[in-house]
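Everything below belongs to coords.txt, which stores compact mmCIF, C-alpha atoms.
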# COMPACT_ATOMS: atom_id res chain seq x y z
CA GLN I 1 -76.73 -92.00 43.22
CA VAL I 2 -73.26 -90.48 43.44
CA GLN I 3 -71.65 -89.19 46.60
CA LEU I 4 -68.63 -86.91 46.48
CA VAL I 5 -66.27 -86.24 49.38
CA GLU I 6 -63.56 -83.58 49.19
CA SER I 7 -60.40 -83.40 51.24
CA GLY I 8 -57.10 -81.55 51.31
CA GLY I 9 -58.13 -78.00 52.06
CA GLY I 10 -56.30 -75.86 54.59
CA VAL I 11 -54.42 -72.67 55.26
CA VAL I 12 -51.34 -71.82 53.22
CA GLN I 13 -49.21 -68.75 52.62
CA ALA I 14 -49.23 -66.96 49.30
CA GLY I 15 -46.96 -68.75 46.85
CA GLY I 16 -47.60 -72.09 48.51
CA SER I 17 -49.38 -75.15 47.21
CA LEU I 18 -52.19 -77.51 48.13
CA ARG I 19 -53.62 -80.67 46.62
CA LEU I 20 -57.34 -81.23 46.83
CA SER I 21 -58.89 -84.66 46.38
CA CYS I 22 -62.43 -85.78 45.70
CA THR I 23 -63.53 -89.38 46.06
CA ALA I 24 -66.69 -90.54 44.35
CA SER I 25 -68.90 -93.46 45.21
CA GLY I 26 -70.27 -95.69 42.49
CA PRO I 27 -68.68 -96.88 39.22
CA THR I 28 -66.35 -94.43 37.52
CA PHE I 29 -68.44 -94.51 34.35
CA SER I 30 -71.18 -92.85 36.42
CA THR I 31 -68.99 -89.75 36.74
CA PRO I 32 -67.74 -89.09 33.21
CA ILE I 33 -67.07 -85.40 33.77
CA MET I 34 -65.61 -84.26 37.08
CA GLY I 35 -65.17 -80.63 37.92
CA TRP I 36 -64.00 -78.25 40.60
CA PHE I 37 -65.78 -75.02 41.45
CA ARG I 38 -65.06 -72.45 44.13
CA GLN I 39 -67.04 -69.87 46.02
CA ALA I 40 -65.50 -66.94 47.84
CA PRO I 41 -67.47 -64.98 50.47
CA GLY I 42 -70.02 -62.74 48.83
CA LYS I 43 -69.34 -64.10 45.37
CA GLU I 44 -70.98 -66.52 42.99
CA ARG I 45 -69.73 -70.08 42.70
CA GLU I 46 -67.36 -70.18 39.76
CA PHE I 47 -65.89 -72.84 37.53
CA VAL I 48 -62.26 -73.76 38.21
CA ALA I 49 -61.41 -76.89 36.21
CA ALA I 50 -62.90 -80.06 34.75
CA ILE I 51 -61.72 -83.35 33.32
CA ASN I 52 -63.36 -86.09 31.30
CA TRP I 53 -63.31 -89.80 32.08
CA ASN I 54 -60.12 -90.75 30.25
CA GLY I 55 -58.31 -87.58 31.25
CA ILE I 56 -57.63 -86.50 27.68
CA SER I 57 -59.94 -83.51 27.83
CA THR I 58 -59.40 -80.87 30.50
CA SER I 59 -60.47 -77.27 30.88
CA TYR I 60 -59.45 -74.47 33.23
CA ALA I 61 -60.66 -71.05 34.20
CA ALA I 62 -58.36 -68.32 32.92
CA SER I 63 -57.56 -67.25 36.48
CA VAL I 64 -56.00 -70.62 37.37
CA LYS I 65 -54.59 -71.82 34.06
CA GLY I 66 -50.90 -72.59 34.40
CA ARG I 67 -51.10 -72.80 38.20
CA PHE I 68 -53.71 -75.53 38.79
CA THR I 69 -53.75 -79.05 37.36
CA ILE I 70 -56.72 -81.42 37.43
CA SER I 71 -56.21 -85.17 37.21
CA ARG I 72 -58.11 -88.33 37.99
CA ASP I 73 -57.43 -91.88 39.08
CA ASN I 74 -60.38 -93.98 37.98
CA ALA I 75 -59.11 -97.06 39.79
CA LYS I 76 -59.51 -95.09 43.03
CA ALA I 77 -62.55 -93.12 41.86
CA THR I 78 -60.66 -89.97 42.78
CA VAL I 79 -60.07 -86.63 41.12
CA HIS I 80 -57.32 -84.27 42.26
CA LEU I 81 -56.70 -80.56 41.94
CA GLN I 82 -53.05 -79.65 42.35
CA MET I 83 -52.80 -75.95 43.14
CA LEU I 84 -49.46 -74.15 42.85
CA HIS I 85 -48.43 -70.53 43.33
CA LEU I 86 -51.53 -69.86 45.39
CA GLU I 87 -52.71 -66.29 45.75
CA PRO I 88 -54.98 -64.67 48.37
CA GLU I 89 -57.59 -64.38 45.60
CA ASP I 90 -57.76 -68.20 45.53
CA THR I 91 -59.29 -68.20 49.01
CA ALA I 92 -62.68 -69.91 48.77
CA ILE I 93 -64.63 -73.03 49.50
CA TYR I 94 -63.76 -75.54 46.79
CA TYR I 95 -66.45 -77.92 45.60
CA CYS I 96 -66.14 -81.12 43.65
CA ALA I 97 -68.91 -81.83 41.16
CA ALA I 98 -69.95 -84.57 38.76
CA ASP I 99 -71.75 -84.30 35.45
CA THR I 100 -73.23 -87.77 35.02
CA ARG I 101 -75.18 -86.97 31.87
CA ARG I 102 -72.24 -86.98 29.45
CA GLY I 103 -70.71 -89.97 27.72
CA PRO I 104 -67.48 -91.41 29.15
CA TYR I 105 -65.42 -90.16 26.21
CA ASP I 106 -67.10 -86.80 25.71
CA ALA I 107 -64.83 -83.79 25.82
CA VAL I 108 -65.30 -81.31 28.62
CA ARG I 109 -68.11 -78.89 27.83
CA SER I 110 -69.43 -78.52 31.36
CA TYR I 111 -68.63 -75.07 32.68
CA SER I 112 -71.68 -73.89 34.57
CA ARG I 113 -73.29 -75.03 37.81
CA SER I 114 -76.34 -76.29 35.97
CA ASP I 115 -74.20 -78.74 33.98
CA TYR I 116 -73.40 -80.70 37.14
CA ASP I 117 -75.91 -82.86 38.96
CA TYR I 118 -73.93 -84.02 42.00
CA TRP I 119 -71.90 -81.93 44.44
CA GLY I 120 -69.65 -82.47 47.39
CA GLN I 121 -69.87 -80.56 50.66
CA GLY I 122 -66.83 -78.42 49.91
CA THR I 123 -63.42 -77.90 51.49
CA GLN I 124 -62.05 -74.55 52.66
CA VAL I 125 -58.87 -73.16 51.13
CA THR I 126 -57.40 -70.06 52.76
CA VAL I 127 -54.37 -68.30 51.31
CA SER I 128 -52.77 -65.71 53.55
CA SER I 129 -50.73 -62.81 52.21

As structure tokens, how would this structure be written, given the file I've shared?
Amino acid sequence: QVQLVESGGGVVQAGGSLRLSCTASGPTFSTPIMGWFRQAPGKEREFVAAINWNGISTSYAASVKGRFTISRDNAKATVHLQMLHLEPEDTAIYYCAADTRRGPYDAVRSYSRSDYDYWGQGTQVTVSS
């Protein structure tokens, strides 16, 4: 069983930055692929970014590429999402997720909600214009 706890959300002005963190329980090999999704009011939950266990493989949604960076610290069982140049359109609840069914060195191929079997409770990010 994996438990995920997000932190770091808040309110920021457009152009600002935030760093989200997600801490996972259990051994890091149990969370080979870690991802971030977001859900804005009235919209579907969408993929934001993902990273594999050794950090070599990452993937980003087109809307955040170049502004967001995903990273992980396996010693601390933590994955981060550094968000720069935030826009009002980035306002959403951000969820951390784990795909435990991949191998530890598999490249990221997990882009949909159904690829992930564990989820955090979410953290609110609000970007004001």

Show me the residues close to (-63.5, -72.3, 40.1) - anything with an atom within 9 Å, counting all atoms listed in the file - and format the list as number ranges by chain.
I: 35-39, 45-49, 60-61, 63-64, 90, 94-95

Using Å and a single decimal, report how far CA of Val2 in chain I sits from CA of Asp73 in chain I.
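Calculated distance between CA of Asp73 in chain I and CA of Val2 in chain I is 16.5 Å.
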
Hey, can you check how far CA of Ala62 in chain I sits from CA of Ile93 in chain I?
18.3 Å

So how many Å separate CA of Val12 in chain I and CA of Val127 in chain I, to one decimal?
5.0 Å

Identify, on the basis of only C-alpha atoms, every residue whose closest approach to Thr100 in chain I does not exceed 8 Å; exclude the query and any residue fewer than 2 positions from it along the same chain; express the result as a ChimeraX atom specification.
/I:30-33,98,102,116-118

For Ser110 in chain I, which residue out of I:Val79, I:Leu86, I:Ala50, I:Ser71 is the nearest one, using all atoms listed in the file?
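Among the listed residues, the smallest separation from Ser110 in chain I belongs to I:Ala50.
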
The residue from I:Ile70, I:Cys22, I:Ala107, I:Ala92 with the smallest atom-to-atom distance to Pro41 in chain I, counting all atoms listed in the file, is I:Ala92

Ranking I:Gly55, I:Gly15, I:Pro88, I:Gly122 by minimum distance to Val108 in chain I and counting only C-alpha atoms, which one comes first?
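Counting only C-alpha atoms, the residue closest to Val108 in chain I is I:Gly55.
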